[in-house]
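K.L.:
Sharing coords_35.txt, compact mmCIF, C-alpha atoms:
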# COMPACT_ATOMS: atom_id res chain seq x y z
CA MET A 1474 23.36 29.15 -14.46
CA LYS A 1475 22.05 26.79 -11.81
CA MET A 1476 19.14 29.08 -11.09
CA ASN A 1477 18.36 29.10 -14.78
CA LYS A 1478 18.18 25.31 -14.85
CA LEU A 1479 15.85 25.25 -11.87
CA GLY A 1480 13.66 27.85 -13.50
CA LYS A 1481 13.48 25.75 -16.64
CA ARG A 1482 12.43 22.68 -14.66
CA PHE A 1483 9.75 24.67 -12.91
CA PHE A 1484 8.51 26.00 -16.24
CA ASN A 1485 8.45 22.44 -17.60
CA PHE A 1486 6.48 21.30 -14.59
CA ILE A 1487 3.85 24.00 -15.08
CA ILE A 1488 3.55 23.19 -18.80
CA GLY A 1489 3.07 19.48 -18.01
CA PHE A 1490 0.49 20.26 -15.37
CA LEU A 1491 -1.45 22.52 -17.73
CA ILE A 1492 -1.43 19.81 -20.43
CA LEU A 1493 -2.89 17.30 -17.96
CA ILE A 1494 -5.61 19.75 -16.87
CA GLY A 1495 -6.30 20.49 -20.53
CA PHE A 1496 -6.96 16.81 -21.16
CA TYR A 1497 -9.40 16.80 -18.25
CA PHE A 1498 -11.44 19.67 -19.68
CA LEU A 1499 -11.29 18.22 -23.18
CA SER A 1500 -12.77 14.91 -22.03
CA PHE A 1501 -15.20 16.68 -19.69
CA TYR A 1502 -16.73 18.61 -22.59
CA ILE A 1503 -16.68 15.60 -24.93
CA LEU A 1504 -18.69 13.59 -22.38
CA LYS A 1505 -21.03 16.50 -21.73
CA LEU A 1506 -21.65 16.96 -25.43
CA LEU A 1507 -22.40 13.27 -25.95
CA HIS A 1508 -24.39 12.89 -22.69
CA ILE A 1509 -22.41 9.90 -21.45
CA ALA A 1510 -22.03 9.13 -17.74
CA PHE A 1511 -18.35 8.26 -17.50
CA PRO A 1512 -15.61 9.68 -15.27
CA PRO A 1513 -13.93 12.44 -17.32
CA ALA A 1514 -10.55 11.88 -15.63
CA ILE A 1515 -10.45 8.33 -16.97
CA LEU A 1516 -11.37 9.33 -20.51
CA GLY A 1517 -8.64 11.94 -20.10
CA LEU A 1518 -6.22 9.18 -19.12
CA ILE A 1519 -7.10 7.16 -22.23
CA LEU A 1520 -6.81 10.17 -24.55
CA PHE A 1521 -3.56 11.22 -22.91
CA SER A 1522 -1.99 7.76 -23.39
CA PHE A 1523 -2.95 7.79 -27.06
CA ALA A 1524 -1.57 11.28 -27.56
CA LEU A 1525 1.73 10.21 -25.97
CA ILE A 1526 1.98 7.00 -27.98
CA GLU A 1527 1.11 8.74 -31.23
CA GLY A 1528 3.71 11.41 -30.50
CA ILE A 1529 1.26 14.33 -30.41
CA ILE A 1530 2.69 15.22 -27.00
CA LYS A 1531 6.43 14.93 -26.40
CA GLU A 1532 7.64 12.97 -23.39
CA SER A 1533 9.89 15.83 -22.25
CA TRP A 1534 6.92 18.19 -21.90
CA ILE A 1535 5.09 16.15 -19.29
CA LYS A 1536 7.81 13.99 -17.67
CA ASP A 1537 8.43 16.15 -14.58
CA ALA A 1538 4.77 16.80 -13.82
CA CYS A 1539 3.80 13.14 -14.29
CA GLU A 1540 6.57 11.82 -12.08
CA PHE A 1541 5.75 14.30 -9.34
CA LEU A 1542 2.03 13.53 -9.40
CA ILE A 1543 2.46 9.75 -9.46
CA ASN A 1544 5.07 9.74 -6.70
CA ASN A 1545 2.89 11.87 -4.43
CA MET A 1546 -0.48 10.33 -5.26
CA ALA A 1547 -0.86 8.88 -1.76
CA MET A 1548 -0.60 12.37 -0.26
CA PHE A 1549 -3.67 13.59 -2.14
CA LEU A 1550 -5.68 10.82 -0.51
CA VAL A 1551 -5.02 11.72 3.11
CA PRO A 1552 -8.00 14.13 3.36
CA PHE A 1553 -10.29 11.28 2.29
CA ILE A 1554 -9.07 9.19 5.23
CA GLY A 1555 -9.84 12.14 7.48
CA GLY A 1556 -13.31 12.22 5.94
CA LEU A 1557 -14.05 8.84 7.49
CA ILE A 1558 -14.87 10.69 10.72
CA VAL A 1559 -18.17 11.70 9.15
CA TYR A 1560 -19.01 8.03 8.47
CA LYS A 1561 -18.00 6.76 11.90
CA SER A 1562 -21.24 4.97 12.74
CA LEU A 1563 -21.33 3.25 9.35
CA LEU A 1564 -17.79 2.00 9.84
CA ILE A 1565 -18.36 0.77 13.37
CA LYS A 1566 -21.37 -1.19 12.18
CA ASN A 1567 -19.63 -2.79 9.20
CA TRP A 1568 -15.93 -3.03 10.00
CA LEU A 1569 -15.81 -6.82 10.16
CA VAL A 1570 -17.54 -7.31 6.81
CA ILE A 1571 -15.27 -4.75 5.18
CA LEU A 1572 -12.12 -6.41 6.50
CA VAL A 1573 -13.27 -9.92 5.55
CA VAL A 1574 -14.15 -8.81 2.02
CA ILE A 1575 -10.82 -7.04 1.59
CA PHE A 1576 -8.71 -9.93 2.87
CA ILE A 1577 -10.38 -12.76 0.99
CA SER A 1578 -11.02 -11.03 -2.31
CA THR A 1579 -7.60 -9.38 -2.53
CA ALA A 1580 -5.88 -12.70 -1.83
CA ALA A 1581 -8.13 -14.33 -4.46
CA ILE A 1582 -7.30 -11.71 -7.11
CA ILE A 1583 -3.57 -12.00 -6.49
CA ALA A 1584 -3.64 -15.81 -6.61
CA VAL A 1585 -5.91 -16.15 -9.67
CA THR A 1586 -4.16 -13.48 -11.75
CA GLY A 1587 -0.70 -14.68 -10.74
CA LEU A 1588 -1.39 -18.31 -11.64
CA PHE A 1589 -3.14 -17.37 -14.88
CA THR A 1590 -0.23 -15.25 -16.09
CA GLU A 1591 2.42 -17.71 -14.92
CA TRP A 1592 0.78 -20.62 -16.75
CA GLY A 1593 0.10 -18.47 -19.80
CA ILE A 1594 3.74 -17.47 -20.14
CA LYS A 1595 4.91 -21.06 -19.59
CA PHE A 1596 2.49 -22.30 -22.24
CA LEU A 1597 3.71 -19.68 -24.70
CA ARG A 1598 7.37 -20.58 -24.09
CA LEU A 1599 6.62 -24.29 -24.46
CA ASN A 1600 4.89 -23.65 -27.77
CA LYS A 1601 7.80 -21.59 -28.99
CA ILE A 1602 10.30 -24.34 -28.08
CA LYS A 1603 8.15 -26.93 -29.83
CA THR A 1604 7.93 -24.92 -33.04
CA VAL A 1605 11.66 -24.24 -32.93
CA ASN A 1606 12.33 -27.97 -32.49
CA LYS A 1607 9.99 -28.81 -35.34
CA ASN A 1608 11.78 -26.36 -37.59
CA LYS A 1609 15.07 -27.91 -36.62
CA GLU A 1610 13.79 -31.41 -37.46
CA LEU A 1611 12.53 -30.21 -40.80
CA ASN A 1612 15.88 -28.64 -41.53
CA HIS A 1613 17.66 -31.87 -40.68
CA ASP A 1614 15.54 -33.83 -43.08
CA MET B 31 -9.21 34.08 2.50
CA ILE B 32 -9.37 30.41 3.33
CA ASN B 33 -7.65 28.93 6.31
CA PRO B 34 -4.55 27.03 5.08
CA PHE B 35 -4.33 24.93 8.26
CA GLY B 36 -5.78 21.74 6.72
CA LEU B 37 -3.45 21.80 3.75
CA ILE B 38 -0.32 22.40 5.82
CA ILE B 39 -1.10 19.77 8.42
CA THR B 40 -1.86 17.13 5.77
CA VAL B 41 1.39 17.66 3.90
CA LEU B 42 3.30 17.74 7.16
CA TYR B 43 1.82 14.46 8.40
CA PHE B 44 2.46 12.77 5.08
CA LYS B 45 6.12 13.85 5.10
CA LEU B 46 6.35 12.58 8.68
CA GLY B 47 4.92 9.26 7.49
CA GLN B 48 7.56 9.07 4.77
CA PHE B 49 10.23 9.82 7.35
CA CYS B 50 8.97 6.90 9.49
CA LYS B 51 10.18 4.47 6.76
CA ARG B 52 13.49 4.29 8.63
CA ILE B 53 11.96 3.26 11.96
CA LYS B 54 11.82 -0.48 12.50
CA PHE B 55 8.23 -1.52 13.21
CA ILE B 56 6.28 1.57 12.06
CA GLY B 57 8.26 1.60 8.81
CA LYS B 58 6.25 -1.38 7.57
CA PHE B 59 3.14 0.77 7.16
CA PRO B 60 2.89 3.03 4.13
CA PRO B 61 3.06 6.79 4.85
CA ILE B 62 -0.62 7.26 4.01
CA VAL B 63 -1.71 5.02 6.88
CA ILE B 64 0.44 6.86 9.40
CA ALA B 65 -0.68 10.26 8.08
CA GLY B 66 -4.34 9.20 8.09
CA ILE B 67 -4.25 7.94 11.67
CA LEU B 68 -2.44 11.08 12.87
CA LEU B 69 -4.98 13.25 11.05
CA ILE B 70 -7.99 11.49 12.59
CA ILE B 71 -6.43 11.74 16.06
CA THR B 72 -5.77 15.46 15.56
CA LEU B 73 -9.28 16.19 14.33
CA LYS B 74 -10.69 14.27 17.30
CA ILE B 75 -8.50 15.78 20.03
CA PHE B 76 -8.93 19.41 18.96
CA LYS B 77 -12.57 18.84 17.99
CA ILE B 78 -12.03 20.37 14.55
CA ASP B 79 -14.98 20.21 12.23
CA PHE B 80 -14.19 18.13 9.14
CA ASP B 81 -15.76 20.66 6.76
CA LYS B 82 -13.54 23.37 8.19
CA TYR B 83 -10.46 21.19 7.75
CA ASN B 84 -11.52 20.28 4.23
CA GLU B 85 -11.86 23.93 3.19
CA SER B 86 -8.18 24.03 2.26
CA ALA B 87 -7.34 20.31 2.18
CA TYR B 88 -9.87 20.09 -0.64
CA TYR B 89 -7.30 21.62 -2.98
CA LEU B 90 -5.02 18.67 -2.31
CA THR B 91 -7.69 16.18 -3.35
CA LEU B 92 -8.25 18.20 -6.53
CA CYS B 93 -4.72 17.16 -7.55
CA LEU B 94 -6.05 13.61 -7.94
CA ILE B 95 -7.55 14.62 -11.30
CA PRO B 96 -4.26 15.45 -13.05
CA ALA B 97 -2.66 12.54 -11.15
CA THR B 98 -5.15 10.12 -12.74
CA ILE B 99 -4.38 11.44 -16.20
CA ALA B 100 -0.65 11.28 -15.46
CA LEU B 101 -1.02 7.49 -15.15
CA GLY B 102 -0.89 7.39 -18.95
CA TYR B 103 2.84 7.98 -18.67
CA PRO B 104 3.76 4.49 -17.34
CA ILE B 105 1.75 2.92 -20.18
CA TYR B 106 3.75 4.90 -22.71
CA LYS B 107 7.01 4.02 -20.93
CA ASN B 108 6.37 0.27 -20.98
CA LEU B 109 4.76 -0.13 -24.37
CA GLU B 110 7.47 -2.58 -25.53
CA LEU B 111 6.75 -5.05 -22.75
CA LEU B 112 3.02 -4.82 -23.40
CA LYS B 113 3.49 -5.64 -27.05
CA LYS B 114 5.77 -8.60 -26.39
CA TYR B 115 3.34 -10.67 -24.34
CA LYS B 116 0.19 -8.95 -25.48
CA ARG B 117 -2.21 -11.92 -25.61
CA ILE B 118 -1.48 -13.22 -22.14
CA ILE B 119 -1.18 -9.82 -20.55
CA TYR B 120 -4.44 -8.52 -21.96
CA SER B 121 -6.38 -11.64 -21.05
CA ALA B 122 -4.84 -11.49 -17.57
CA PHE B 123 -6.22 -7.96 -17.21
CA PHE B 124 -9.70 -9.24 -17.98
CA VAL B 125 -9.30 -12.16 -15.57
CA ALA B 126 -8.13 -9.79 -12.83
CA THR B 127 -11.02 -7.36 -13.35
CA PHE B 128 -13.60 -10.13 -13.44
CA THR B 129 -12.20 -11.82 -10.33
CA ALA B 130 -12.01 -8.51 -8.48
CA ILE B 131 -15.61 -7.52 -9.09
CA SER B 132 -17.24 -10.93 -8.72
CA ALA B 133 -15.22 -11.98 -5.65
CA THR B 134 -15.96 -8.70 -3.91
CA TYR B 135 -19.65 -8.89 -4.71
CA ILE B 136 -20.08 -12.53 -3.75
CA ILE B 137 -18.25 -12.26 -0.44
CA ALA B 138 -19.99 -9.00 0.48
CA LYS B 139 -23.36 -10.48 -0.40
CA PHE B 140 -22.51 -13.56 1.65
CA CYS B 141 -21.87 -11.29 4.65
CA HIS B 142 -25.29 -9.60 4.11
CA SER B 143 -23.92 -6.10 3.69
CA GLU B 144 -26.02 -3.23 2.40
CA LEU B 145 -26.05 -2.26 -1.25
CA ASN B 146 -24.37 1.12 -0.89
CA ILE B 147 -21.51 -0.48 1.02
CA ILE B 148 -21.09 -3.11 -1.71
CA GLU B 149 -21.13 -0.36 -4.31
CA SER B 150 -18.42 1.49 -2.43
CA MET B 151 -16.32 -1.66 -2.23
CA LEU B 152 -16.63 -2.89 -5.82
CA PRO B 153 -13.84 -0.69 -7.26
CA LYS B 154 -11.46 -1.44 -4.38
CA SER B 155 -8.68 -2.92 -6.53
CA THR B 156 -8.32 0.15 -8.71
CA THR B 157 -6.12 3.07 -7.86
CA ALA B 158 -7.78 5.59 -5.56
CA PRO B 159 -8.67 8.46 -7.92
CA ILE B 160 -10.26 6.02 -10.36
CA ALA B 161 -12.02 4.16 -7.55
CA ILE B 162 -13.48 7.39 -6.20
CA GLU B 163 -14.81 8.32 -9.64
CA ILE B 164 -16.39 4.88 -10.00
CA SER B 165 -17.87 5.08 -6.52
CA LYS B 166 -19.47 8.46 -7.28
CA MET B 167 -20.86 7.09 -10.53
CA ALA B 168 -22.34 4.03 -8.79
CA ASP B 169 -23.85 6.01 -5.86
CA GLY B 170 -21.33 4.63 -3.37
CA ILE B 171 -19.69 6.54 -0.53
CA PRO B 172 -16.40 8.05 -1.80
CA GLU B 173 -14.85 8.31 1.67
CA LEU B 174 -15.53 4.66 2.41
CA THR B 175 -14.16 3.74 -1.01
CA ALA B 176 -10.95 5.66 -0.31
CA CYS B 177 -10.51 3.82 2.97
CA VAL B 178 -11.22 0.40 1.46
CA VAL B 179 -8.86 1.12 -1.43
CA VAL B 180 -6.06 2.08 0.93
CA LEU B 181 -6.60 -1.02 3.09
CA THR B 182 -6.59 -3.23 -0.02
CA GLY B 183 -3.34 -1.65 -1.11
CA VAL B 184 -1.76 -2.14 2.30
CA PHE B 185 -2.89 -5.79 2.42
CA GLY B 186 -1.51 -6.45 -1.05
CA ALA B 187 1.77 -4.71 -0.29
CA MET B 188 2.27 -6.64 2.94
CA PHE B 189 1.16 -10.12 1.84
CA GLY B 190 1.17 -10.09 -1.98
CA HIS B 191 4.67 -11.40 -2.46
CA LYS B 192 4.17 -14.01 0.28
CA ILE B 193 0.96 -15.36 -1.30
CA LEU B 194 2.62 -15.59 -4.71
CA LYS B 195 5.62 -17.38 -3.23
CA LEU B 196 3.29 -19.85 -1.52
CA ILE B 197 1.56 -20.80 -4.78
CA LYS B 198 4.91 -20.89 -6.61
CA VAL B 199 4.45 -18.02 -9.03
CA LYS B 200 7.97 -17.02 -9.97
CA SER B 201 8.05 -14.99 -13.20
CA ASP B 202 8.47 -11.26 -12.72
CA ILE B 203 5.73 -10.47 -15.22
CA ALA B 204 3.17 -12.58 -13.34
CA ILE B 205 4.19 -11.16 -9.95
CA GLY B 206 4.09 -7.55 -11.11
CA LEU B 207 0.83 -7.98 -12.97
CA SER B 208 -1.08 -9.63 -10.14
CA ILE B 209 0.14 -7.25 -7.46
CA GLY B 210 -0.49 -4.19 -9.62
CA ALA B 211 -3.96 -5.45 -10.55
CA ALA B 212 -4.99 -6.35 -7.00
CA SER B 213 -3.44 -3.66 -4.85
CA HIS B 214 -2.82 -0.74 -7.23
CA ILE B 215 -0.27 1.94 -6.42
CA ILE B 216 0.48 0.95 -2.83
CA GLY B 217 1.28 -2.62 -3.90
CA SER B 218 3.30 -1.32 -6.84
CA ALA B 219 5.41 0.70 -4.43
CA LYS B 220 6.35 -2.61 -2.83
CA CYS B 221 7.37 -3.94 -6.27
CA VAL B 222 9.60 -0.89 -6.67
CA GLU B 223 11.45 -1.97 -3.53
CA THR B 224 12.30 -5.35 -5.09
CA LYS B 225 14.14 -3.49 -7.89
CA HIS B 226 13.09 -5.93 -10.64
CA GLU B 227 12.56 -3.78 -13.72
CA LYS B 228 9.86 -6.00 -15.28
CA GLN B 229 7.89 -6.26 -12.04
CA ILE B 230 7.70 -2.48 -11.66
CA ALA B 231 6.72 -1.96 -15.28
CA MET B 232 4.01 -4.64 -15.21
CA ALA B 233 2.61 -3.41 -11.90
CA SER B 234 2.25 0.16 -13.14
CA VAL B 235 0.64 -0.88 -16.41
CA ALA B 236 -1.68 -3.35 -14.67
CA LEU B 237 -2.98 -0.82 -12.20
CA VAL B 238 -3.91 1.60 -14.97
CA ILE B 239 -5.54 -0.85 -17.36
CA VAL B 240 -7.41 -2.74 -14.65
CA GLY B 241 -8.63 0.66 -13.47
CA ILE B 242 -9.99 1.53 -16.90
CA LEU B 243 -11.58 -1.91 -17.34
CA THR B 244 -13.21 -1.70 -13.91
CA THR B 245 -14.70 1.70 -14.75
CA ILE B 246 -16.42 0.14 -17.73
CA THR B 247 -17.37 -3.10 -15.98
CA VAL B 248 -18.85 -1.87 -12.70
CA PRO B 249 -21.90 -0.08 -14.18
CA LEU B 250 -22.49 -3.05 -16.50
CA PHE B 251 -22.21 -5.45 -13.59
CA LEU B 252 -24.65 -3.46 -11.44
CA HIS B 253 -27.03 -3.38 -14.38
CA ILE B 254 -26.82 -7.14 -14.92
CA ILE B 255 -27.44 -8.08 -11.29
CA GLY B 256 -30.39 -5.73 -11.36
CA ALA B 257 -29.25 -3.25 -8.72
CA LYS B 258 -29.67 -0.37 -11.12
Could you render the structure from this file as structure tokens?
P.N.:
Amino acid sequence: MKMNKLGKRFFNFIIGFLILIGFYFLSFYILKLLHIAFPPAILGLILFSFALIEGIIKESWIKDACEFLINNMAMFLVPFIGGLIVYKSLLIKNWLVILVVIFISTAAIIAVTGLFTEWGIKFLRLNKIKTVNKNKELNHD
Amino acid sequence: MINPFGLIITVLYFKLGQFCKRIKFIGKFPPIVIAGILLIITLKIFKIDFDKYNESAYYLTLCLIPATIALGYPIYKNLELLKKYKRIIYSAFFVATFTAISATYIIAKFCHSELNIIESMLPKSTTAPIAIEISKMADGIPELTACVVVLTGVFGAMFGHKILKLIKVKSDIAIGLSIGAASHIIGSAKCVETKHEKQIAMASVALVIVGILTTITVPLFLHIIGAK
């Protein structure tokens, strides 16, 4: 019984994986047909989200595969870090610039986006309270 | 028959990095940093050619393609939240993308760096598979992009919450959105540790949508500044 359950999960995982690959090839050929230079994986991501939201694909089909891939995404990147060996001289020449750019711009993005959203939400809440109060006043009259 | 050495050693090092979470000082670094450093040391000490290593490790990087597409799942999961605050959230995505690209370009230009290095750094706030695609499209160096992306993520994960606390941003939506937008999946992992449901949801949605927006914006931006 337990073995059966495990087998079912594995089967589900394979199905989910195949669906994801299918979306890649679908968007790859769409882009090739239309001669557009755009990363196929990202068009695949957009199409996949729409298919999920519209209910063309059921959540249960892809849940296991998606969770596995997202949780282990960092592992797929490790070979790229190893690939830096090839670009050693480039890195040694530019390491300071790269670090400065990363530190300042990342801090800037976090601060700007954070403040923007915080103020936006506060503004929205304030507006809501105002309209509610106005309605109350009108009701009292 | 290809040599499976590269594949095995990569998975092993990554699992070791995950295991290090429990150790006091080293635990602060994400597993990918530990695994990457160990890998570089190994390749150096045993004088292994990178191409030989990559023969089998290449299959691991191929998994990034379905992993990118799988990012549609968090969008579907958090659709309710997106609808509730849609105006602010969507404009915040645009603000984040614009800040990311222009800040990176201006600072890099200020430091007099070469064009192909700037091109590799422009997509640094998007999640790695998307950033690598953008970098290839813009004639950048994918390996450098991967490194920059990881460093950005680590920086955001380590200091993101502190910066936001300093400038008094308190709402979970704002925190999740800005960290997800700036430091993608590595920063989002930090939000998962805080266990605030809204923060996690916003971070995962932000990293996907900012990624898509950046893909569209980077070629346009390079066209406008006349690099292409």
K.L.:
Provide the CA of Thr1586 (chain A) to CA of Ala204 (chain B) distance in Å, to one decimal place.
P.N.:
7.6 Å
K.L.:
Using all atoms listed in the file, find the one residue out of A:Phe1483, A:Trp1568, A:Phe1498, A:Phe1490 that sits nearest to chain B.
P.N.:
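Smallest separation from chain B among the options: A:Phe1490.
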K.L.:
Of the candidates B:Ile148, B:Ile162, B:Leu42, B:Ile95, which one gets nearest to chain A if we count all atoms listed in the file?
P.N.:
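Among B:Ile148, B:Ile162, B:Leu42, B:Ile95, it is B:Ile95 that comes nearest to chain A.
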K.L.:
Could you pull the residues within 7 Å of region 206-220 of chain B, counting all atoms listed in the file, minus those fewer than 2 positions along the same chain, as a list in words?
P.N.:
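Counting all atoms listed in the file, the residues come to Thr1579, Ile1582, Ile1583, Thr1586 and Gly1587 of chain A; Ala126, Ser155, Thr156, Thr157, Thr182, Gly183, Val184, Gly186, Ala187, Gly190, Asp202, Ile203, Ala204, Val222, Glu223, Thr224, Gln229, Ile230, Met232, Ala233, Ser234, Ala236, Leu237 and Val240 of chain B.
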K.L.:
Would you mind telling me which residue in A:Pro1552, A:Asn1545, A:Phe1596, A:Cys1539 lies nearest to Glu85 (chain B) when using all atoms listed in the file?
P.N.:
A:Pro1552
K.L.:
Looking at B:Phe80, B:Leu174, B:Arg117, B:Met167, which one is nearest to Ser1562 (chain A), with distances taken over all atoms listed in the file?
P.N.:
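Smallest separation from Ser1562 (chain A) among the options: B:Leu174.
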K.L.:
Starting from the point (5.5, 6.2, 11.6), work out which residues of protein, DNA or RNA have an atom no more than 12 Å away when counting all atoms listed in the file; state them as a VMD selection string.
P.N.:
chain B and resid 43 to 68
K.L.:
Using all atoms listed in the file, which chain A residues lie at most 7 Å away from chain B, written as a PyMOL selection string?
P.N.:
chain A and resi 1493-1494+1512+1514-1515+1517-1518+1521-1522+1525-1526+1539+1542-1543+1546-1557+1570+1574-1575+1578-1579+1582-1584+1586-1591+1593
K.L.:
Counting only C-alpha atoms, figure out which residue out of A:Val1605, A:Leu1507, A:Ile1488, A:Leu1572 gets nearest to Ile1530 (chain A).
P.N.:
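Closest candidate: A:Ile1488.
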